[in-house]
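Colleague: One file is attached below, final_1.cif, containing mmCIF, C-alpha atoms.
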```
data_entry
#
loop_
_atom_site.label_atom_id
_atom_site.label_comp_id
_atom_site.auth_asym_id
_atom_site.auth_seq_id
_atom_site.Cartn_x
_atom_site.Cartn_y
_atom_site.Cartn_z
CA MET A 1 61.92 152.49 113.08
CA LYS A 2 63.19 150.62 110.05
CA ASP A 3 60.85 148.92 107.65
CA TRP A 4 62.74 146.08 106.01
CA ASP A 5 61.92 145.16 102.47
CA PHE A 6 62.35 141.53 101.51
CA ARG A 7 63.26 142.17 97.92
CA TYR A 8 65.71 145.01 98.54
CA ASP A 9 67.17 144.30 101.97
CA LEU A 10 67.18 140.52 102.30
CA LEU A 11 67.18 138.94 98.85
CA PRO A 12 70.46 140.55 97.73
CA LEU A 13 72.22 138.67 100.57
CA LYS A 14 71.24 135.27 99.16
CA ASP A 15 74.49 134.46 97.34
CA LYS A 16 76.63 135.38 100.32
CA LEU A 17 74.48 133.24 102.61
CA PHE A 18 74.55 130.40 100.14
CA ARG A 19 78.34 130.48 99.95
CA LEU A 20 78.70 130.37 103.73
CA ALA A 21 76.15 127.55 104.06
CA TYR A 22 77.95 125.65 101.33
CA ARG A 23 81.31 126.17 103.00
CA ILE A 24 79.96 124.60 106.18
CA THR A 25 77.79 121.78 104.80
CA LEU A 26 79.78 121.16 101.58
CA HIS A 27 76.51 120.25 99.92
CA THR A 28 74.81 122.41 97.28
CA ALA A 29 71.17 121.40 97.77
CA GLU A 30 71.52 121.57 101.53
CA ALA A 31 73.11 125.03 101.30
CA GLU A 32 70.26 126.22 99.08
CA ASP A 33 67.71 125.00 101.63
CA ILE A 34 69.58 126.72 104.44
CA THR A 35 69.71 129.99 102.51
CA GLN A 36 65.97 129.89 101.92
CA ASP A 37 65.36 129.00 105.55
CA THR A 38 67.57 131.85 106.75
CA LEU A 39 65.82 134.44 104.60
CA ILE A 40 62.34 133.31 105.64
CA ARG A 41 63.25 133.16 109.33
CA VAL A 42 64.82 136.59 109.37
CA TRP A 43 61.88 137.99 107.42
CA ASN A 44 59.36 136.57 109.87
CA LYS A 45 61.34 138.03 112.78
CA ARG A 46 61.92 141.40 111.15
CA HIS A 47 59.85 143.32 113.71
CA GLU A 48 62.19 142.21 116.47
CA LEU A 49 65.29 143.32 114.63
CA GLU A 50 65.11 147.05 115.14
CA ASP A 51 68.26 147.20 117.23
CA VAL A 52 70.28 144.97 114.91
CA ARG A 53 73.31 146.92 113.77
CA SER A 54 73.91 145.04 110.54
CA LEU A 55 71.25 142.95 108.87
CA GLU A 56 73.93 141.19 106.84
CA ALA A 57 75.86 140.11 109.94
CA TYR A 58 72.66 138.94 111.60
CA CYS A 59 71.66 136.88 108.55
CA LEU A 60 75.12 135.32 108.35
CA THR A 61 74.91 134.37 112.03
CA VAL A 62 71.51 132.72 111.53
CA CYS A 63 72.79 131.00 108.40
CA ARG A 64 75.85 129.60 110.15
CA ASN A 65 73.78 128.29 113.05
CA LEU A 66 71.31 126.59 110.72
CA ALA A 67 74.14 125.10 108.67
CA ASN A 68 75.84 123.75 111.78
CA ASP A 69 72.55 122.26 113.03
CA ARG A 70 72.17 120.38 109.76
CA ARG A 71 75.77 119.28 109.75
CA GLU A 72 75.48 117.92 113.26
CA LEU A 73 72.26 116.16 112.37
CA HIS A 74 73.98 114.42 109.48
CA GLU A 75 76.95 113.54 111.57
CA ALA A 76 74.65 111.98 114.17
CA GLN A 77 73.07 109.88 111.44
CA ASN A 78 76.47 108.54 110.58
CA LEU A 79 76.94 106.87 113.94
CA SER A 80 77.13 103.16 113.53
CA LEU A 81 74.75 100.87 115.43
CA ASP A 82 77.18 99.97 118.17
CA GLY A 83 77.72 103.64 118.93
CA THR A 84 81.25 103.94 117.64
CA PRO A 85 81.56 106.98 115.42
CA CYS A 86 82.53 106.50 111.80
CA ASP A 87 83.65 109.07 109.27
CA ALA A 88 81.16 111.44 107.76
CA PRO A 89 80.70 111.06 104.02
CA ASP A 90 83.22 113.16 102.19
CA ASN A 91 81.03 115.77 100.52
CA ALA A 92 84.04 117.81 99.52
CA ASP A 93 84.10 115.98 96.22
CA GLU A 94 80.90 117.68 95.20
CA ILE A 95 82.35 120.67 93.47
CA ASP A 96 80.87 123.41 91.38
CA SER A 97 80.81 122.44 87.72
CA ARG A 98 82.88 125.50 86.78
CA MET A 99 85.71 124.09 88.82
CA GLU A 100 85.57 120.61 87.46
CA ARG A 101 88.27 121.12 84.91
CA ASP A 102 90.69 122.95 87.13
CA GLU A 103 92.40 120.40 89.32
CA ARG A 104 94.39 123.03 91.16
CA LEU A 105 91.22 124.73 92.41
CA GLN A 106 89.72 121.38 93.38
CA TRP A 107 92.79 120.71 95.45
CA VAL A 108 92.38 124.02 97.34
CA HIS A 109 88.70 123.25 97.83
CA ARG A 110 89.47 119.91 99.47
CA LEU A 111 92.16 121.55 101.53
CA MET A 112 89.71 124.07 102.95
CA ALA A 113 87.12 121.37 103.53
CA LYS A 114 89.53 119.58 105.84
CA LEU A 115 89.73 122.49 108.26
CA PRO A 116 87.58 122.48 111.42
CA GLU A 117 84.29 124.31 110.94
CA LYS A 118 85.23 127.42 112.91
CA GLN A 119 88.52 127.93 111.08
CA ARG A 120 86.84 127.19 107.78
CA ALA A 121 84.07 129.73 108.39
CA ILE A 122 86.56 132.39 109.46
CA LEU A 123 88.85 131.75 106.52
CA HIS A 124 85.86 131.88 104.20
CA LEU A 125 84.52 135.16 105.60
CA ARG A 126 87.96 136.74 105.42
CA ASP A 127 89.52 135.44 102.21
CA ILE A 128 86.45 134.98 100.04
CA GLU A 129 84.01 137.57 101.37
CA GLY A 130 86.63 140.11 102.47
CA HIS A 131 85.22 140.90 105.93
CA SER A 132 87.18 142.69 108.63
CA TYR A 133 88.13 140.93 111.89
CA HIS A 134 85.57 143.04 113.68
CA GLU A 135 82.76 141.97 111.36
CA ILE A 136 83.72 138.30 111.56
CA ALA A 137 83.78 138.48 115.35
CA ASP A 138 80.32 140.02 115.22
CA ILE A 139 78.97 137.28 112.92
CA LEU A 140 80.46 134.40 114.89
CA GLY A 141 79.80 135.88 118.29
CA VAL A 142 83.42 135.53 119.42
CA SER A 143 86.19 138.00 120.26
CA GLU A 144 88.41 139.55 117.59
CA GLU A 145 91.32 137.83 119.27
CA GLN A 146 89.65 134.46 118.72
CA VAL A 147 89.10 135.32 115.06
CA LYS A 148 92.78 136.16 114.61
CA VAL A 149 93.97 133.02 116.36
CA ASN A 150 91.72 130.76 114.29
CA LEU A 151 92.59 132.52 111.05
CA PHE A 152 96.27 132.21 111.86
CA ARG A 153 95.95 128.47 112.47
CA ALA A 154 93.96 127.97 109.27
CA ARG A 155 96.42 129.89 107.12
CA ARG A 156 99.42 128.26 108.73
CA TRP A 157 97.99 124.83 108.01
CA ILE A 158 97.30 125.77 104.37
CA LYS A 159 100.82 127.17 104.08
CA GLU A 160 102.21 123.87 105.36
CA GLN A 161 100.27 121.98 102.72
CA TYR A 162 101.67 124.28 100.05
CA GLU A 163 105.18 123.75 101.38
CA LYS A 164 104.64 120.02 101.11
CA ILE A 165 103.89 120.28 97.41
CA GLU A 166 106.82 122.57 96.89
CA ASN A 167 109.18 120.17 98.61
CA TYR A 168 107.84 116.78 97.63
CA GLY A 169 105.37 117.42 94.82
CA LEU A 170 101.67 116.64 95.07
CA MET B 1 110.73 143.21 87.57
CA ASP B 2 110.94 143.28 91.33
CA TYR B 3 108.51 141.12 93.25
CA LYS B 4 109.80 142.04 96.71
CA TYR B 5 106.54 143.79 97.57
CA ILE B 6 104.41 140.78 96.64
CA GLU B 7 106.77 138.41 98.46
CA GLN B 8 106.53 140.61 101.51
CA LEU B 9 102.74 140.76 101.29
CA LEU B 10 102.61 137.00 100.95
CA GLU B 11 104.75 136.52 104.05
CA ARG B 12 102.54 138.91 105.98
CA TYR B 13 99.45 137.14 104.62
CA TRP B 14 100.58 133.85 106.16
CA ASP B 15 101.22 135.66 109.43
CA CYS B 16 97.75 137.30 109.32
CA GLU B 17 99.22 140.78 109.29
CA THR B 18 97.75 141.93 105.99
CA SER B 19 94.74 144.23 105.75
CA VAL B 20 91.65 143.42 103.70
CA GLU B 21 92.95 145.84 101.07
CA GLU B 22 96.38 144.18 100.91
CA GLU B 23 94.77 140.78 100.53
CA ARG B 24 92.82 142.18 97.60
CA ILE B 25 96.10 143.33 96.04
CA LEU B 26 97.43 139.78 96.36
CA ARG B 27 94.34 138.35 94.68
CA ASP B 28 94.63 140.89 91.87
CA PHE B 29 98.31 140.11 91.42
CA PHE B 30 97.74 136.37 91.18
CA ALA B 31 94.85 136.92 88.76
CA GLN B 32 97.40 137.67 86.02
CA ALA B 33 98.02 134.89 83.54
CA GLU B 34 101.79 135.13 83.95
CA VAL B 35 103.12 134.87 87.48
CA PRO B 36 106.85 134.42 88.20
CA ALA B 37 107.81 130.78 88.72
CA HIS B 38 108.78 131.04 92.40
CA LEU B 39 105.36 132.50 93.27
CA ALA B 40 103.28 130.40 90.86
CA VAL B 41 102.71 127.68 93.43
CA HIS B 42 100.40 129.99 95.40
CA LYS B 43 98.39 131.09 92.40
CA SER B 44 95.79 128.38 92.90
CA LEU B 45 94.92 129.63 96.40
CA PHE B 46 94.14 133.16 95.28
CA ASP B 47 92.47 131.97 92.07
CA TYR B 48 90.24 129.80 94.21
CA GLN B 49 89.37 132.72 96.49
CA ARG B 50 88.37 134.86 93.51
CA ALA B 51 86.39 132.09 91.86
CA GLU B 52 84.50 131.24 95.04
CA ALA B 53 83.45 134.86 95.59
CA THR B 54 81.35 134.74 92.41
CA VAL B 55 79.45 131.53 93.20
CA GLY B 56 75.73 132.19 93.43
CA LEU B 57 72.32 130.63 93.46
CA SER B 58 70.28 129.71 90.41
CA ASP B 59 67.74 132.21 89.08
CA ASP B 60 64.69 130.18 90.04
CA PHE B 61 65.66 130.54 93.71
CA ASP B 62 64.19 134.06 93.81
CA ALA B 63 60.84 132.92 92.47
CA ARG B 64 60.66 130.08 94.96
CA VAL B 65 61.55 132.10 98.02
CA LEU B 66 59.32 135.02 97.00
CA ALA B 67 56.39 132.65 96.56
CA GLN B 68 56.98 131.32 100.05
CA VAL B 69 57.19 134.83 101.53
CA GLU B 70 53.96 135.88 99.82
CA GLN B 71 52.24 132.78 101.12
CA THR B 72 53.10 133.60 104.72
CA GLU B 73 52.29 137.27 104.17
CA THR B 74 48.74 136.63 103.00
CA ALA B 75 48.21 134.29 105.91
CA VAL B 76 49.29 136.81 108.53
CA ARG B 77 48.75 140.17 106.88
CA ALA B 78 50.41 141.95 109.73
CA ARG B 79 51.47 145.42 108.85
CA ARG B 80 53.38 147.83 110.98
CA LEU B 81 51.52 151.12 111.49
CA THR B 82 53.11 154.35 112.62
CA LEU B 83 51.38 156.30 115.39
CA SER B 84 50.10 158.99 113.04
CA ARG B 85 48.72 156.36 110.66
CA ARG B 86 47.08 154.55 113.50
CA LEU B 87 45.40 157.77 114.70
CA ARG B 88 44.36 158.85 111.23
CA PRO B 89 40.69 157.72 111.55
CA LEU B 90 40.46 159.61 114.81
CA PHE B 91 41.76 162.78 113.17
CA ARG B 92 39.23 162.34 110.38
CA ALA B 93 36.36 161.99 112.82
CA ALA B 94 37.52 165.03 114.77
CA ALA B 95 37.76 167.09 111.58
CA ALA B 96 34.24 166.02 110.52
CA VAL B 97 32.80 166.94 113.93
CA ALA B 98 34.58 170.31 113.83
CA ILE B 99 33.21 171.12 110.36
CA VAL B 100 29.65 170.15 111.26
CA SER B 101 29.68 172.09 114.54
CA LEU B 102 31.20 175.16 112.84
CA LEU B 103 28.49 175.09 110.18
CA GLY B 104 25.84 174.67 112.86
CA MET B 105 27.14 177.57 114.89
CA ALA B 106 27.35 179.80 111.84
CA ALA B 107 23.78 178.93 110.86
CA GLN B 108 22.50 179.54 114.37
CA HIS B 109 24.28 182.87 114.52
CA SER B 110 22.78 184.11 111.27
CA PHE B 111 19.28 182.93 112.25
CA LYS B 112 19.52 184.79 115.54
CA ARG B 113 20.67 187.99 113.87
CA SER B 114 17.95 187.98 111.27
CA ALA B 115 15.38 187.42 113.99
CA THR B 116 16.53 190.18 116.35
CA SER B 117 18.01 193.04 114.25
CA GLU B 118 15.72 195.41 112.39
CA GLY B 119 18.10 196.02 109.49
CA TRP B 120 19.15 199.35 108.00
CA ASP B 121 16.73 202.29 108.00
CA TYR B 122 17.01 204.09 104.68
CA SER B 123 14.06 206.52 105.05
CA VAL B 124 14.75 210.27 104.91
CA ALA B 125 12.45 210.93 107.84
CA GLY B 126 14.61 208.97 110.19
CA TYR B 127 17.82 210.74 109.10
CA SER B 128 19.81 212.84 111.57
CA ASP B 129 23.27 214.42 111.29
CA SER B 130 26.22 212.83 113.10
CA TYR B 131 27.72 216.19 113.94
CA SER B 132 26.00 219.29 115.29
CA THR B 133 27.95 221.84 113.19
CA PRO B 134 29.68 221.65 109.77
CA GLN B 135 32.94 222.75 111.46
CA ALA B 136 32.91 219.73 113.80
CA ALA B 137 32.36 217.45 110.79
CA LEU B 138 35.26 219.07 108.89
CA ASP B 139 37.54 218.82 111.94
CA SER B 140 36.95 215.13 112.33
CA CYS B 141 37.43 214.64 108.57
CA ILE B 142 40.81 216.42 108.72
CA LYS B 143 41.78 214.39 111.77
CA VAL B 144 41.14 211.18 109.86
CA LEU B 145 43.09 212.41 106.82
CA GLU B 146 46.07 213.44 108.98
CA PHE B 147 46.01 210.01 110.56
CA VAL B 148 46.16 208.40 107.12
CA GLN B 149 48.99 210.77 106.11
CA ASP B 150 51.05 209.77 109.16
CA GLY B 151 50.47 206.13 108.40
CA LEU B 152 51.67 206.55 104.81
CA LYS B 153 54.77 208.46 105.92
CA THR B 154 55.86 205.81 108.38
CA ALA B 155 55.21 203.16 105.72
CA VAL B 156 57.49 204.98 103.24
CA VAL B 157 60.24 205.36 105.85
CA ASP B 158 59.95 201.71 106.83
CA SER B 159 60.14 200.47 103.29
CA ALA B 160 63.16 202.68 102.56
CA HIS B 161 64.83 201.30 105.65
CA SER B 162 64.13 197.73 104.80
CA SER B 163 65.31 198.14 101.20
CA LYS B 164 68.51 199.63 102.57
CA ILE B 165 69.04 196.60 104.77
CA SER B 166 68.31 194.15 101.99
CA GLY B 167 70.53 196.24 99.66
CA LYS B 168 73.44 195.57 101.93
#
```
Could I get this structure in the form of structure tokens?

Modeller:
Amino acid sequence: MKDWDFRYDLLPLKDKLFRLAYRITLHTAEAEDITQDTLIRVWNKRHELEDVRSLEAYCLTVCRNLANDRRELHEAQNLSLDGTPCDAPDNADEIDSRMERDERLQWVHRLMAKLPEKQRAILHLRDIEGHSYHEIADILGVSEEQVKVNLFRARRWIKEQYEKIENYGL
Amino acid sequence: MDYKYIEQLLERYWDCETSVEEERILRDFFAQAEVPAHLAVHKSLFDYQRAEATVGLSDDFDARVLAQVEQTETAVRARRLTLSRRLRPLFRAAAAVAIVSLLGMAAQHSFKRSATSEGWDYSVAGYSDSYSTPQAALDSCIKVLEFVQDGLKTAVVDSAHSSKISGK
């Protein structure tokens, strides 16, 4: 029987959760809300989590689901009155202040933001958080094969964008 | 300097054949200020990955979320008890009952004895020898002493034996 401690087991995961939520919603305040929500939800359900293999993976799963719920909610709000869908607001321009001066990093940020959510989440968990395929599959609830395929597509697309700059300039 | 290894890693990175460790090597390589011109174009990608890994929440986040957790905690106050902790009051009651009944039994026992027994008779008139002849008394004395002697002998042998074993 494991007794979880909020301060020592859950709170240290906050930055990781925040980064994933931000990667999906592309909105700082929203990501902060989602992180808080994730931590509170997991904490309130802690007695049911005795057979959870990794608390971190579980939290990341909850966080991704919450982030996607919010994203879908916002996307639904962007439907125009006659029912034809219009583009979601481009939140990718909201960038961390540290990055403001570095245009190159901003460019990569926008590049990643253009990927579909699944590819983006997988690329994030692999390249920024350094998770193994197995762990990512566990977090996303898909097969390792799926993780590899999506990662491959994401990286290939980014490579193509880099080749474009190399060949034609930005 | 030869950058074959990095070029190879980069190729394998695009093909998703690199390990987590190899991807870390790439990030470390591109973290240098000076990167050869033909590789420099990819520097921004790995710089971005490193920069993003350090993004975190503001300090007041902890205070806010902890306040919220404490609020729900005081409302519910549900604590998980282990079986032994749950049974602790029962153990306490059982121990108290055992102590009281032991004391009661002991008291009863001593009351009974003092009521029934007559105590020791120290008067000379009531004295009688345990043995009929002095020889019988001596014999039994010697028997007891021999018994003690045997006991001591076996004790000495045993201790010598055990010290031998422990000496090994």

Colleague: Where does chain B meet chain A within 10 Å, residue by residue, with the nearest atom pair and distance in Å to one decimal for each, counting only C-alpha atoms, listed by chain and rising number, as JSON lines?

Modeller:
```
{"residue": "B:Tyr13", "atom": "CA", "partner": "A:Arg155", "partner_atom": "CA", "distance": 8.2}
{"residue": "B:Trp14", "atom": "CA", "partner": "A:Arg155", "partner_atom": "CA", "distance": 5.8}
{"residue": "B:Asp15", "atom": "CA", "partner": "A:Phe152", "partner_atom": "CA", "distance": 6.5}
{"residue": "B:Cys16", "atom": "CA", "partner": "A:Phe152", "partner_atom": "CA", "distance": 5.9}
{"residue": "B:Glu17", "atom": "CA", "partner": "A:Phe152", "partner_atom": "CA", "distance": 9.4}
{"residue": "B:Ser19", "atom": "CA", "partner": "A:Ser132", "partner_atom": "CA", "distance": 8.2}
{"residue": "B:Val20", "atom": "CA", "partner": "A:Gly130", "partner_atom": "CA", "distance": 6.1}
{"residue": "B:Glu21", "atom": "CA", "partner": "A:Gly130", "partner_atom": "CA", "distance": 8.6}
{"residue": "B:Glu23", "atom": "CA", "partner": "A:Asp127", "partner_atom": "CA", "distance": 7.7}
{"residue": "B:Arg24", "atom": "CA", "partner": "A:Gly130", "partner_atom": "CA", "distance": 8.1}
{"residue": "B:Arg27", "atom": "CA", "partner": "A:Asp127", "partner_atom": "CA", "distance": 9.4}
{"residue": "B:His38", "atom": "CA", "partner": "A:Glu166", "partner_atom": "CA", "distance": 9.8}
{"residue": "B:Val41", "atom": "CA", "partner": "A:Glu166", "partner_atom": "CA", "distance": 7.4}
{"residue": "B:His42", "atom": "CA", "partner": "A:Tyr162", "partner_atom": "CA", "distance": 7.5}
{"residue": "B:Lys43", "atom": "CA", "partner": "A:Arg104", "partner_atom": "CA", "distance": 9.1}
{"residue": "B:Ser44", "atom": "CA", "partner": "A:Arg104", "partner_atom": "CA", "distance": 5.8}
{"residue": "B:Leu45", "atom": "CA", "partner": "A:Val108", "partner_atom": "CA", "distance": 6.2}
{"residue": "B:Phe46", "atom": "CA", "partner": "A:Asp127", "partner_atom": "CA", "distance": 8.6}
{"residue": "B:Asp47", "atom": "CA", "partner": "A:Leu105", "partner_atom": "CA", "distance": 7.4}
{"residue": "B:Tyr48", "atom": "CA", "partner": "A:Leu105", "partner_atom": "CA", "distance": 5.5}
{"residue": "B:Gln49", "atom": "CA", "partner": "A:Ile128", "partner_atom": "CA", "distance": 5.1}
{"residue": "B:Arg50", "atom": "CA", "partner": "A:Ile128", "partner_atom": "CA", "distance": 6.8}
{"residue": "B:Ala51", "atom": "CA", "partner": "A:Met99", "partner_atom": "CA", "distance": 8.6}
{"residue": "B:Glu52", "atom": "CA", "partner": "A:Ile128", "partner_atom": "CA", "distance": 6.5}
{"residue": "B:Ala53", "atom": "CA", "partner": "A:Ile128", "partner_atom": "CA", "distance": 5.4}
{"residue": "B:Thr54", "atom": "CA", "partner": "A:Asp15", "partner_atom": "CA", "distance": 8.5}
{"residue": "B:Val55", "atom": "CA", "partner": "A:Arg19", "partner_atom": "CA", "distance": 6.9}
{"residue": "B:Gly56", "atom": "CA", "partner": "A:Asp15", "partner_atom": "CA", "distance": 4.7}
{"residue": "B:Leu57", "atom": "CA", "partner": "A:Asp15", "partner_atom": "CA", "distance": 5.9}
{"residue": "B:Ser58", "atom": "CA", "partner": "A:Glu32", "partner_atom": "CA", "distance": 9.3}
{"residue": "B:Phe61", "atom": "CA", "partner": "A:Gln36", "partner_atom": "CA", "distance": 8.2}
{"residue": "B:Asp62", "atom": "CA", "partner": "A:Leu11", "partner_atom": "CA", "distance": 7.6}
{"residue": "B:Arg64", "atom": "CA", "partner": "A:Gln36", "partner_atom": "CA", "distance": 8.8}
{"residue": "B:Val65", "atom": "CA", "partner": "A:Gln36", "partner_atom": "CA", "distance": 6.3}
{"residue": "B:Leu66", "atom": "CA", "partner": "A:Arg7", "partner_atom": "CA", "distance": 8.2}
{"residue": "B:Gln68", "atom": "CA", "partner": "A:Ile40", "partner_atom": "CA", "distance": 8.0}
{"residue": "B:Val69", "atom": "CA", "partner": "A:Ile40", "partner_atom": "CA", "distance": 6.8}
{"residue": "B:Thr72", "atom": "CA", "partner": "A:Asn44", "partner_atom": "CA", "distance": 8.6}
{"residue": "B:Glu73", "atom": "CA", "partner": "A:Asn44", "partner_atom": "CA", "distance": 9.1}
{"residue": "B:Arg79", "atom": "CA", "partner": "A:His47", "partner_atom": "CA", "distance": 9.9}
{"residue": "B:Arg80", "atom": "CA", "partner": "A:Asp3", "partner_atom": "CA", "distance": 8.3}
{"residue": "B:Thr82", "atom": "CA", "partner": "A:Met1", "partner_atom": "CA", "distance": 9.0}
```

Colleague: I'd like the interatomic distance between atom CA of A:Tyr22 and atom CA of A:Ser54, to a tenth of an Å.

Modeller: 21.8 Å

Colleague: For the provided coordinates, the residues matched by the PyMOL selection byres ((chain A and resi 24) around 8) should be stated as a list in words.

Modeller: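 After applying the PyMOL selection byres ((chain A and resi 24) around 8), what remains is Leu20, Ala21, Tyr22, Arg23, Thr25, Leu26, Arg64, Ala67, Asn68, Arg71, Glu117, Arg120 and Ala121 of chain A.
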
Colleague: Return as JSON the centre and edge lengths, in Å with one decimal, of the box along x, y and z that encloses every atom of stretch 144-162 of chain B in the file, padded by 4 Å per side.

Modeller:
```
{"center_x": 53.0, "center_y": 205.6, "center_z": 106.6, "size_x": 31.7, "size_y": 23.7, "size_z": 16.0}
```
